[in-house]
file input09.pdb (PDB, C-alpha atoms, pLDDT in the B column)
ATOM      1  CA  ALA A   1     121.764 135.715 159.110  1.00 45.00           C
ATOM      2  CA  LEU A   2     122.201 137.715 155.936  1.00 46.00           C
ATOM      3  CA  ASP A   3     125.558 139.386 155.833  1.00 51.00           C
ATOM      4  CA  ALA A   4     127.571 141.256 153.224  1.00 53.00           C
ATOM      5  CA  THR A   5     130.165 143.983 153.085  1.00 63.00           C
ATOM      6  CA  GLU A   6     128.459 147.299 153.704  1.00 66.00           C
ATOM      7  CA  PRO A   7     128.406 149.414 150.531  1.00 69.00           C
ATOM      8  CA  ALA A   8     129.838 152.929 150.468  1.00 75.00           C
ATOM      9  CA  PRO A   9     127.570 155.545 152.070  1.00 81.00           C
ATOM     10  CA  VAL A  10     125.497 157.816 149.871  1.00 81.00           C
ATOM     11  CA  GLU A  11     127.284 161.088 149.179  1.00 85.00           C
ATOM     12  CA  VAL A  12     125.879 164.084 151.036  1.00 83.00           C
ATOM     13  CA  LYS A  13     126.145 167.223 148.945  1.00 89.00           C
ATOM     14  CA  SER A  14     126.102 170.841 150.034  1.00 90.00           C
ATOM     15  CA  CYS A  15     124.253 173.616 148.283  1.00 89.00           C
ATOM     16  CA  PRO A  16     126.555 175.502 145.904  1.00 90.00           C
ATOM     17  CA  LYS A  17     127.794 178.783 147.357  1.00 89.00           C
ATOM     18  CA  ASN A  18     126.702 180.735 144.313  1.00 91.00           C
ATOM     19  CA  TYR A  19     123.032 180.067 145.191  1.00 89.00           C
ATOM     20  CA  LYS A  20     121.892 183.264 146.887  1.00 88.00           C
ATOM     21  CA  LYS A  21     118.138 183.514 146.445  1.00 90.00           C
ATOM     22  CA  PRO A  22     116.070 181.684 149.109  1.00 89.00           C
ATOM     23  CA  GLU A  23     113.745 180.147 146.507  1.00 91.00           C
ATOM     24  CA  ALA A  24     116.723 178.832 144.483  1.00 91.00           C
ATOM     25  CA  ILE A  25     118.287 177.355 147.616  1.00 90.00           C
ATOM     26  CA  ALA A  26     114.976 175.747 148.605  1.00 92.00           C
ATOM     27  CA  ALA A  27     114.521 174.275 145.123  1.00 93.00           C
ATOM     28  CA  TRP A  28     118.063 172.892 145.186  1.00 91.00           C
ATOM     29  CA  HIS A  29     117.501 171.240 148.594  1.00 92.00           C
ATOM     30  CA  LYS A  30     114.204 169.753 147.408  1.00 92.00           C
ATOM     31  CA  LYS A  31     115.887 168.234 144.360  1.00 93.00           C
ATOM     32  CA  GLU A  32     118.857 167.041 146.442  1.00 91.00           C
ATOM     33  CA  ASP A  33     116.570 165.419 149.028  1.00 91.00           C
ATOM     34  CA  GLU A  34     114.852 163.488 146.225  1.00 91.00           C
ATOM     35  CA  ARG A  35     118.211 162.374 144.781  1.00 90.00           C
ATOM     36  CA  TYR A  36     119.467 161.313 148.207  1.00 88.00           C
ATOM     37  CA  ALA A  37     116.293 159.314 148.927  1.00 90.00           C
ATOM     38  CA  VAL A  38     116.550 157.438 145.614  1.00 90.00           C
ATOM     39  CA  ALA A  39     120.271 156.762 146.106  1.00 88.00           C
ATOM     40  CA  LEU A  40     119.720 155.568 149.682  1.00 86.00           C
ATOM     41  CA  LYS A  41     116.944 153.202 148.590  1.00 87.00           C
ATOM     42  CA  LYS A  42     119.170 151.772 145.835  1.00 87.00           C
ATOM     43  CA  ARG A  43     122.021 151.354 148.312  1.00 84.00           C
ATOM     44  CA  GLU A  44     119.798 149.401 150.690  1.00 82.00           C
ATOM     45  CA  LYS A  45     118.461 147.241 147.832  1.00 82.00           C
ATOM     46  CA  ASP A  46     121.982 146.506 146.543  1.00 79.00           C
ATOM     47  CA  TRP A  47     123.094 145.616 150.069  1.00 73.00           C
ATOM     48  CA  VAL A  48     120.236 143.160 150.537  1.00 72.00           C
ATOM     49  CA  GLU A  49     120.795 141.587 147.106  1.00 76.00           C
ATOM     50  CA  ALA A  50     124.510 141.186 147.825  1.00 74.00           C
ATOM     51  CA  ALA A  51     123.708 139.566 151.171  1.00 68.00           C
ATOM     52  CA  LYS A  52     121.229 137.182 149.538  1.00 70.00           C
ATOM     53  CA  ALA A  53     123.776 136.231 146.884  1.00 71.00           C
ATOM     54  CA  LYS A  54     126.381 135.539 149.567  1.00 70.00           C
ATOM     55  CA  TYR A  55     123.863 133.483 151.547  1.00 67.00           C
ATOM     56  CA  ALA A  56     122.916 131.473 148.455  1.00 67.00           C
ATOM     57  CA  LYS A  57     126.563 130.795 147.668  1.00 71.00           C
ATOM     58  CA  GLN A  58     127.174 129.599 151.223  1.00 73.00           C
ATOM     59  CA  SER A  59     124.378 127.041 150.853  1.00 73.00           C
ATOM     60  CA  LEU A  60     126.595 125.241 148.320  1.00 79.00           C
ATOM     61  CA  ASP A  61     129.410 125.049 150.868  1.00 86.00           C
ATOM     62  CA  PRO A  62     129.106 121.809 152.905  1.00 87.00           C
ATOM     63  CA  LEU A  63     130.779 123.528 155.867  1.00 90.00           C
ATOM     64  CA  ARG A  64     127.980 126.123 156.026  1.00 84.00           C
ATOM     65  CA  GLY A  65     125.007 124.678 154.135  1.00 85.00           C
ATOM     66  CA  ARG A  66     122.865 121.649 154.880  1.00 85.00           C
ATOM     67  CA  ILE A  67     121.008 118.900 153.049  1.00 89.00           C
ATOM     68  CA  MET A  68     117.212 119.099 152.980  1.00 85.00           C
ATOM     69  CA  LEU A  69     116.503 116.376 150.402  1.00 88.00           C
ATOM     70  CA  ILE A  70     118.316 113.409 148.868  1.00 92.00           C
ATOM     71  CA  GLY A  71     116.881 111.724 145.791  1.00 92.00           C
ATOM     72  CA  LEU A  72     117.792 108.092 145.179  1.00 93.00           C
ATOM     73  CA  GLY A  73     116.723 106.283 142.042  1.00 92.00           C
ATOM     74  CA  VAL A  74     117.235 102.523 142.021  1.00 92.00           C
ATOM     75  CA  TYR A  75     117.879 101.168 138.528  1.00 92.00           C
ATOM     76  CA  ALA A  76     118.794  97.736 137.174  1.00 90.00           C
ATOM     77  CA  TRP A  77     119.872  96.419 133.780  1.00 90.00           C
ATOM     78  CA  GLU A  78     117.143  94.533 131.926  1.00 90.00           C
ATOM     79  CA  ASP A  79     118.109  93.271 128.465  1.00 89.00           C
ATOM     80  CA  GLY A  80     120.711  96.012 128.146  1.00 87.00           C
ATOM     81  CA  VAL A  81     118.328  98.773 129.188  1.00 90.00           C
ATOM     82  CA  LEU A  82     118.676 100.679 132.446  1.00 89.00           C
ATOM     83  CA  THR A  83     115.248 100.332 134.068  1.00 90.00           C
ATOM     84  CA  ARG A  84     113.996 102.162 137.135  1.00 88.00           C
ATOM     85  CA  HIS A  85     112.742  99.943 139.941  1.00 89.00           C
ATOM     86  CA  SER A  86     112.056 102.502 142.654  1.00 90.00           C
ATOM     87  CA  THR A  87     112.633 106.105 143.703  1.00 90.00           C
ATOM     88  CA  TYR A  88     113.281 107.449 147.189  1.00 90.00           C
ATOM     89  CA  MET A  89     112.879 111.076 148.198  1.00 89.00           C
ATOM     90  CA  VAL A  90     114.572 111.243 151.593  1.00 88.00           C
ATOM     91  CA  SER A  91     113.882 114.383 153.622  1.00 83.00           C
ATOM     92  CA  GLY A  92     113.959 115.563 157.215  1.00 73.00           C
ATOM     93  CA  GLU A  93     111.119 117.051 159.206  1.00 63.00           C
ATOM     94  CA  GLY A  94     112.309 120.653 159.474  1.00 56.00           C
ATOM     95  CA  PRO A  95     115.181 123.141 159.291  1.00 50.00           C
ATOM     96  CA  THR A  96     117.271 121.913 162.252  1.00 48.00           C
ATOM     97  CA  GLY A  97     120.576 120.062 162.214  1.00 46.00           C
ATOM     98  CA  ALA A  98     119.007 117.139 164.063  1.00 53.00           C
ATOM     99  CA  ASP A  99     116.562 116.698 161.185  1.00 88.00           C
ATOM    100  CA  GLU A 100     119.443 116.654 158.723  1.00 90.00           C
ATOM    101  CA  LYS A 101     121.015 113.832 160.719  1.00 91.00           C
ATOM    102  CA  ALA A 102     117.727 111.922 160.566  1.00 91.00           C
ATOM    103  CA  LEU A 103     117.658 112.474 156.799  1.00 93.00           C
ATOM    104  CA  LEU A 104     121.198 111.130 156.455  1.00 95.00           C
ATOM    105  CA  GLU A 105     120.366 108.129 158.626  1.00 94.00           C
ATOM    106  CA  LYS A 106     117.409 107.290 156.361  1.00 93.00           C
ATOM    107  CA  ALA A 107     119.542 107.600 153.226  1.00 94.00           C
ATOM    108  CA  TRP A 108     122.319 105.546 154.806  1.00 95.00           C
ATOM    109  CA  GLY A 109     119.850 102.797 155.633  1.00 95.00           C
ATOM    110  CA  ILE A 110     118.740 102.645 151.986  1.00 94.00           C
ATOM    111  CA  LEU A 111     122.336 102.580 150.725  1.00 94.00           C
ATOM    112  CA  GLN A 112     123.312  99.813 153.133  1.00 93.00           C
ATOM    113  CA  ALA A 113     120.462  97.669 151.818  1.00 93.00           C
ATOM    114  CA  MET A 114     121.771  97.883 148.246  1.00 90.00           C
ATOM    115  CA  PRO A 115     123.389  94.736 146.792  1.00 89.00           C
ATOM    116  CA  ALA A 116     127.188  94.573 146.804  1.00 84.00           C
ATOM    117  CA  GLY A 117     128.691  96.117 143.675  1.00 84.00           C
ATOM    118  CA  THR A 118     125.912  98.670 143.215  1.00 89.00           C
ATOM    119  CA  PHE A 119     127.103 101.744 141.326  1.00 90.00           C
ATOM    120  CA  ILE A 120     126.233 105.195 142.690  1.00 93.00           C
ATOM    121  CA  ALA A 121     125.863 107.762 139.891  1.00 94.00           C
ATOM    122  CA  ALA A 122     125.472 111.549 139.995  1.00 95.00           C
ATOM    123  CA  HIS A 123     126.131 114.430 137.623  1.00 94.00           C
ATOM    124  CA  ASN A 124     129.191 116.297 138.921  1.00 92.00           C
ATOM    125  CA  GLY A 125     129.053 113.900 141.845  1.00 93.00           C
ATOM    126  CA  LEU A 126     132.821 113.614 142.348  1.00 91.00           C
ATOM    127  CA  ALA A 127     133.213 117.381 142.725  1.00 91.00           C
ATOM    128  CA  PHE A 128     129.979 118.151 144.571  1.00 92.00           C
ATOM    129  CA  ASP A 129     127.381 115.568 145.645  1.00 94.00           C
ATOM    130  CA  PHE A 130     129.640 112.887 147.130  1.00 94.00           C
ATOM    131  CA  PRO A 131     132.020 115.145 149.113  1.00 94.00           C
ATOM    132  CA  TYR A 132     129.073 117.300 150.254  1.00 94.00           C
ATOM    133  CA  ILE A 133     127.281 114.264 151.701  1.00 95.00           C
ATOM    134  CA  GLN A 134     130.530 113.016 153.211  1.00 96.00           C
ATOM    135  CA  LEU A 135     131.206 116.282 155.038  1.00 96.00           C
ATOM    136  CA  ARG A 136     127.632 116.567 156.324  1.00 95.00           C
ATOM    137  CA  ALA A 137     127.931 112.984 157.592  1.00 96.00           C
ATOM    138  CA  ILE A 138     131.138 113.962 159.408  1.00 96.00           C
ATOM    139  CA  LYS A 139     129.287 116.949 160.869  1.00 95.00           C
ATOM    140  CA  HIS A 140     126.811 114.574 162.530  1.00 94.00           C
ATOM    141  CA  GLY A 141     129.376 111.981 163.597  1.00 96.00           C
ATOM    142  CA  MET A 142     128.260 109.387 161.032  1.00 96.00           C
ATOM    143  CA  MET A 143     131.725 108.032 160.255  1.00 96.00           C
ATOM    144  CA  LYS A 144     130.623 104.841 158.503  1.00 95.00           C
ATOM    145  CA  MET A 145     128.613 106.869 156.006  1.00 95.00           C
ATOM    146  CA  ALA A 146     131.484 109.348 155.632  1.00 95.00           C
ATOM    147  CA  ARG A 147     133.860 106.463 154.938  1.00 94.00           C
ATOM    148  CA  PHE A 148     131.451 105.081 152.335  1.00 93.00           C
ATOM    149  CA  PHE A 149     131.621 108.365 150.426  1.00 92.00           C
ATOM    150  CA  SER A 150     135.437 108.430 150.412  1.00 87.00           C
ATOM    151  CA  VAL A 151     135.959 108.216 146.683  1.00 79.00           C
ATOM    152  CA  GLY A 152     139.123 106.277 145.890  1.00 71.00           C
ATOM    153  CA  LYS A 153     140.833 105.488 142.607  1.00 65.00           C
ATOM    154  CA  PRO A 154     138.382 105.336 139.662  1.00 60.00           C
ATOM    155  CA  TRP A 155     139.082 101.665 138.956  1.00 55.00           C
ATOM    156  CA  GLU A 156     138.504 100.806 142.612  1.00 62.00           C
ATOM    157  CA  SER A 157     135.345 102.862 143.108  1.00 77.00           C
ATOM    158  CA  ASN A 158     131.644 102.240 142.532  1.00 88.00           C
ATOM    159  CA  PHE A 159     130.997 105.971 142.165  1.00 91.00           C
ATOM    160  CA  VAL A 160     130.128 107.267 138.699  1.00 92.00           C
ATOM    161  CA  ASP A 161     130.203 110.915 137.653  1.00 93.00           C
ATOM    162  CA  THR A 162     128.228 111.352 134.427  1.00 94.00           C
ATOM    163  CA  MET A 163     129.637 114.855 133.953  1.00 92.00           C
ATOM    164  CA  LYS A 164     133.207 113.581 134.123  1.00 90.00           C
ATOM    165  CA  ASP A 165     132.552 110.504 131.961  1.00 91.00           C
ATOM    166  CA  TRP A 166     130.535 112.278 129.262  1.00 90.00           C
ATOM    167  CA  PRO A 167     132.558 112.403 125.999  1.00 85.00           C
ATOM    168  CA  ALA A 168     133.488 115.940 125.038  1.00 70.00           C
ATOM    169  CA  THR A 169     136.145 117.892 123.144  1.00 54.00           C
ATOM    170  CA  GLY A 170     136.869 121.552 122.552  1.00 54.00           C
ATOM    171  CA  PHE A 171     134.401 123.862 124.262  1.00 54.00           C
ATOM    172  CA  GLY A 172     132.393 120.901 125.512  1.00 48.00           C
ATOM    173  CA  SER A 173     135.357 119.685 127.517  1.00 50.00           C
ATOM    174  CA  LYS A 174     134.706 122.512 129.957  1.00 53.00           C
ATOM    175  CA  ARG A 175     132.338 121.746 132.809  1.00 56.00           C
ATOM    176  CA  SER A 176     130.111 124.664 131.765  1.00 53.00           C
ATOM    177  CA  GLY A 177     129.445 122.810 128.536  1.00 61.00           C
ATOM    178  CA  ARG A 178     128.389 119.620 130.286  1.00 82.00           C
ATOM    179  CA  SER A 179     125.685 120.741 132.674  1.00 86.00           C
ATOM    180  CA  LEU A 180     122.678 118.453 132.943  1.00 88.00           C
ATOM    181  CA  ASP A 181     120.415 120.982 131.213  1.00 85.00           C
ATOM    182  CA  VAL A 182     122.881 121.523 128.355  1.00 87.00           C
ATOM    183  CA  LEU A 183     123.290 117.788 127.743  1.00 91.00           C
ATOM    184  CA  MET A 184     119.541 117.177 127.848  1.00 90.00           C
ATOM    185  CA  GLU A 185     119.034 119.943 125.304  1.00 88.00           C
ATOM    186  CA  PHE A 186     121.713 118.335 123.128  1.00 90.00           C
ATOM    187  CA  LEU A 187     119.830 115.028 123.327  1.00 92.00           C
ATOM    188  CA  GLY A 188     116.545 116.706 122.402  1.00 91.00           C
ATOM    189  CA  ASP A 189     115.140 116.346 125.911  1.00 86.00           C
ATOM    190  CA  GLU A 190     113.708 119.696 126.993  1.00 74.00           C
ATOM    191  CA  ARG A 191     112.890 118.433 130.472  1.00 73.00           C
ATOM    192  CA  PRO A 192     109.196 119.428 130.435  1.00 59.00           C
ATOM    193  CA  LYS A 193     108.811 118.193 134.003  1.00 55.00           C
ATOM    194  CA  ASN A 194     111.608 120.414 135.273  1.00 54.00           C
ATOM    195  CA  PRO A 195     109.954 123.607 136.615  1.00 56.00           C
ATOM    196  CA  PHE A 196     113.123 125.513 137.437  1.00 67.00           C
ATOM    197  CA  THR A 197     116.899 125.375 137.564  1.00 66.00           C
ATOM    198  CA  GLY A 198     119.146 124.284 140.395  1.00 63.00           C
ATOM    199  CA  ALA A 199     119.821 127.940 141.239  1.00 67.00           C
ATOM    200  CA  GLU A 200     116.166 128.305 142.219  1.00 75.00           C
ATOM    201  CA  VAL A 201     116.184 125.473 144.743  1.00 75.00           C
ATOM    202  CA  LEU A 202     117.202 127.695 147.667  1.00 74.00           C
ATOM    203  CA  PRO A 203     114.413 130.285 147.089  1.00 77.00           C
ATOM    204  CA  ALA A 204     111.904 127.434 146.783  1.00 78.00           C
ATOM    205  CA  TYR A 205     113.176 125.952 150.047  1.00 76.00           C
ATOM    206  CA  VAL A 206     112.943 129.304 151.844  1.00 74.00           C
ATOM    207  CA  ALA A 207     109.380 129.651 150.502  1.00 78.00           C
ATOM    208  CA  GLY A 208     108.549 126.176 151.829  1.00 78.00           C
ATOM    209  CA  ASP A 209     107.769 124.806 148.358  1.00 80.00           C
ATOM    210  CA  GLU A 210     109.252 121.329 148.748  1.00 80.00           C
ATOM    211  CA  ARG A 211     106.996 119.919 146.010  1.00 82.00           C
ATOM    212  CA  LYS A 212     108.852 121.829 143.283  1.00 82.00           C
ATOM    213  CA  ILE A 213     112.174 120.677 144.678  1.00 84.00           C
ATOM    214  CA  ARG A 214     111.012 117.062 144.645  1.00 86.00           C
ATOM    215  CA  VAL A 215     109.863 117.328 141.018  1.00 85.00           C
ATOM    216  CA  HIS A 216     113.203 118.894 140.113  1.00 86.00           C
ATOM    217  CA  CYS A 217     115.086 116.149 141.945  1.00 88.00           C
ATOM    218  CA  ILE A 218     113.066 113.308 140.370  1.00 89.00           C
ATOM    219  CA  ASP A 219     113.721 114.685 136.894  1.00 89.00           C
ATOM    220  CA  ASP A 220     117.424 114.976 137.694  1.00 91.00           C
ATOM    221  CA  LEU A 221     117.444 111.264 138.524  1.00 93.00           C
ATOM    222  CA  ARG A 222     115.806 110.452 135.194  1.00 92.00           C
ATOM    223  CA  CYS A 223     118.340 112.556 133.294  1.00 92.00           C
ATOM    224  CA  VAL A 224     121.341 111.061 135.090  1.00 95.00           C
ATOM    225  CA  ALA A 225     120.041 107.570 134.308  1.00 94.00           C
ATOM    226  CA  ARG A 226     119.754 108.484 130.632  1.00 94.00           C
ATOM    227  CA  LEU A 227     123.331 109.786 130.547  1.00 95.00           C
ATOM    228  CA  TYR A 228     124.579 106.697 132.385  1.00 94.00           C
ATOM    229  CA  GLN A 229     122.835 104.485 129.814  1.00 94.00           C
ATOM    230  CA  ILE A 230     124.598 106.320 126.955  1.00 94.00           C
ATOM    231  CA  ILE A 231     127.990 106.267 128.684  1.00 93.00           C
ATOM    232  CA  SER A 232     127.615 102.534 129.377  1.00 92.00           C
ATOM    233  CA  ASP A 233     126.604 101.843 125.760  1.00 93.00           C
ATOM    234  CA  ILE A 234     129.706 103.679 124.529  1.00 91.00           C
ATOM    235  CA  LYS A 235     131.994 101.702 126.820  1.00 83.00           C
ATOM    236  CA  ALA A 236     130.342  98.357 126.065  1.00 70.00           C
TER     237      ALA A 236
END
call {"tool": "encode", "arguments": {"input": "input09.pdb", "output": "structure tokens"}}
result
Amino acid sequence: ALDATEPAPVEVKSCPKNYKKPEAIAAWHKKEDERYAVALKKREKDWVEAAKAKYAKQSLDPLRGRIMLIGLGVYAWEDGVLTRHSTYMVSGEGPTGADEKALLEKAWGILQAMPAGTFIAAHNGLAFDFPYIQLRAIKHGMMKMARFFSVGKPWESNFVDTMKDWPATGFGSKRSGRSLDVLMEFLGDERPKNPFTGAEVLPAYVAGDERKIRVHCIDDLRCVARLYQIISDIKA
């Protein structure tokens, strides 16, 4: 349910005491009624917008949100080039928690079938994607999957965070300067297949437009693979 702190009530004003003539008093009340109606409408709009913003923010919290889609791109090195072999768009069948568990079970099955030593890469994965999946797995009692996403020491882990590993100094060392969109723009990749930003995923989900979310997710996979290729070339 949408919820937000109720804004202050609209001020109710009284007609000034120096208004004596009935027509002046009537005109004042007419004008005041119009002001009150506009202010009340704005108050209600601000309240709804604040509630929506709070709801959207909660969707990024793994203790309150849920996963509706996981994109997995399977890549392999071929003559020094990271080449895509297959792409999985794993989704549930509806908005219930049971469907999220089914989604996680599908994704877990794909991950378990990966060869030993496979690297799992995501942009900002260490701070967001991996712990989010881990906590949702815990929510549904999937402890083996939760254990898999327990990120250990960097030199002991197969998890790669392209945001963390991207070379940057000065302003670019801040996370805000290393978003996927910013780095793609830097590389001259305007992401023509990307119809919207990550902030618009929730509205698209509420509207039932899963196709746009899938396109967005597939392009994210492509961009992460490109960053991983560059990072690997630098470290080679």
call {"tool": "closest_residue", "arguments": {"input": "input09.pdb", "among": "A:Val224, A:Ala204, A:Ala8, A:Ile218", "to": "Tyr88 of chain A", "atoms": "all atoms listed in the file"}}
result
A:Ile218
call {"tool": "resolve_selection", "arguments": {"input": "input09.pdb", "expression": "the PyMOL selection byres ((chain A and resi 86) around 12)", "output": "PyMOL selection string"}}
result
chain A and resi 71-76+83-85+87-89+110+218+221-222
call {"tool": "atom_distance", "arguments": {"input": "input09.pdb", "atom1": "atom CA of Gly92 of chain A", "atom2": "atom CA of Lys212 of chain A"}}
result
16.1 Å
call {"tool": "resolve_selection", "arguments": {"input": "input09.pdb", "expression": "the PyMOL selection byres ((chain A and resi 161) around 8)", "output": "list in words"}}
result
Ala121, Ala122, His123, Asn124, Gly125, Leu126, Phe159, Val160, Thr162, Met163, Lys164 and Asp165 of chain A
call {"tool": "atom_distance", "arguments": {"input": "input09.pdb", "atom1": "atom CA of Met114 of chain A", "atom2": "atom CA of Glu210 of chain A"}}
result
26.6 Å
call {"tool": "atom_distance", "arguments": {"input": "input09.pdb", "atom1": "atom CA of Ser157 of chain A", "atom2": "atom CA of Gly65 of chain A"}}
result
26.5 Å
call {"tool": "closest_residue", "arguments": {"input": "input09.pdb", "among": "A:Leu183, A:Met68, A:Ala113, A:Ala27", "to": "Pro167 of chain A", "atoms": "all atoms listed in the file"}}
result
A:Leu183
call {"tool": "resolve_selection", "arguments": {"input": "input09.pdb", "expression": "the PyMOL selection byres ((chain A and resi 80) around 12)", "output": "PyMOL selection string"}}
result
chain A and resi 75-79+81-83+229-230+232-233+236
call {"tool": "closest_residue", "arguments": {"input": "input09.pdb", "among": "A:Met142, A:Lys42, A:Val201, A:Asn158", "to": "Ala116 of chain A", "atoms": "all atoms listed in the file"}}
result
A:Asn158
call {"tool": "closest_residue", "arguments": {"input": "input09.pdb", "among": "A:His216, A:Lys101, A:Arg178, A:Lys13", "to": "His29 of chain A", "atoms": "only C-alpha atoms"}}
result
A:Lys13
call {"tool": "closest_residue", "arguments": {"input": "input09.pdb", "among": "A:Leu227, A:Met145, A:Met184, A:Ala102", "to": "Trp166 of chain A", "atoms": "all atoms listed in the file"}}
result
A:Leu227
call {"tool": "residues_around", "arguments": {"input": "input09.pdb", "residues": "segment 148-152 of chain A", "least_positions_apart": "4", "cutoff": "10 Å", "atoms": "only C-alpha atoms", "output": "PyMOL selection string"}}
result
chain A and resi 108+111-112+120+126+129-135+137+143-144+156-160
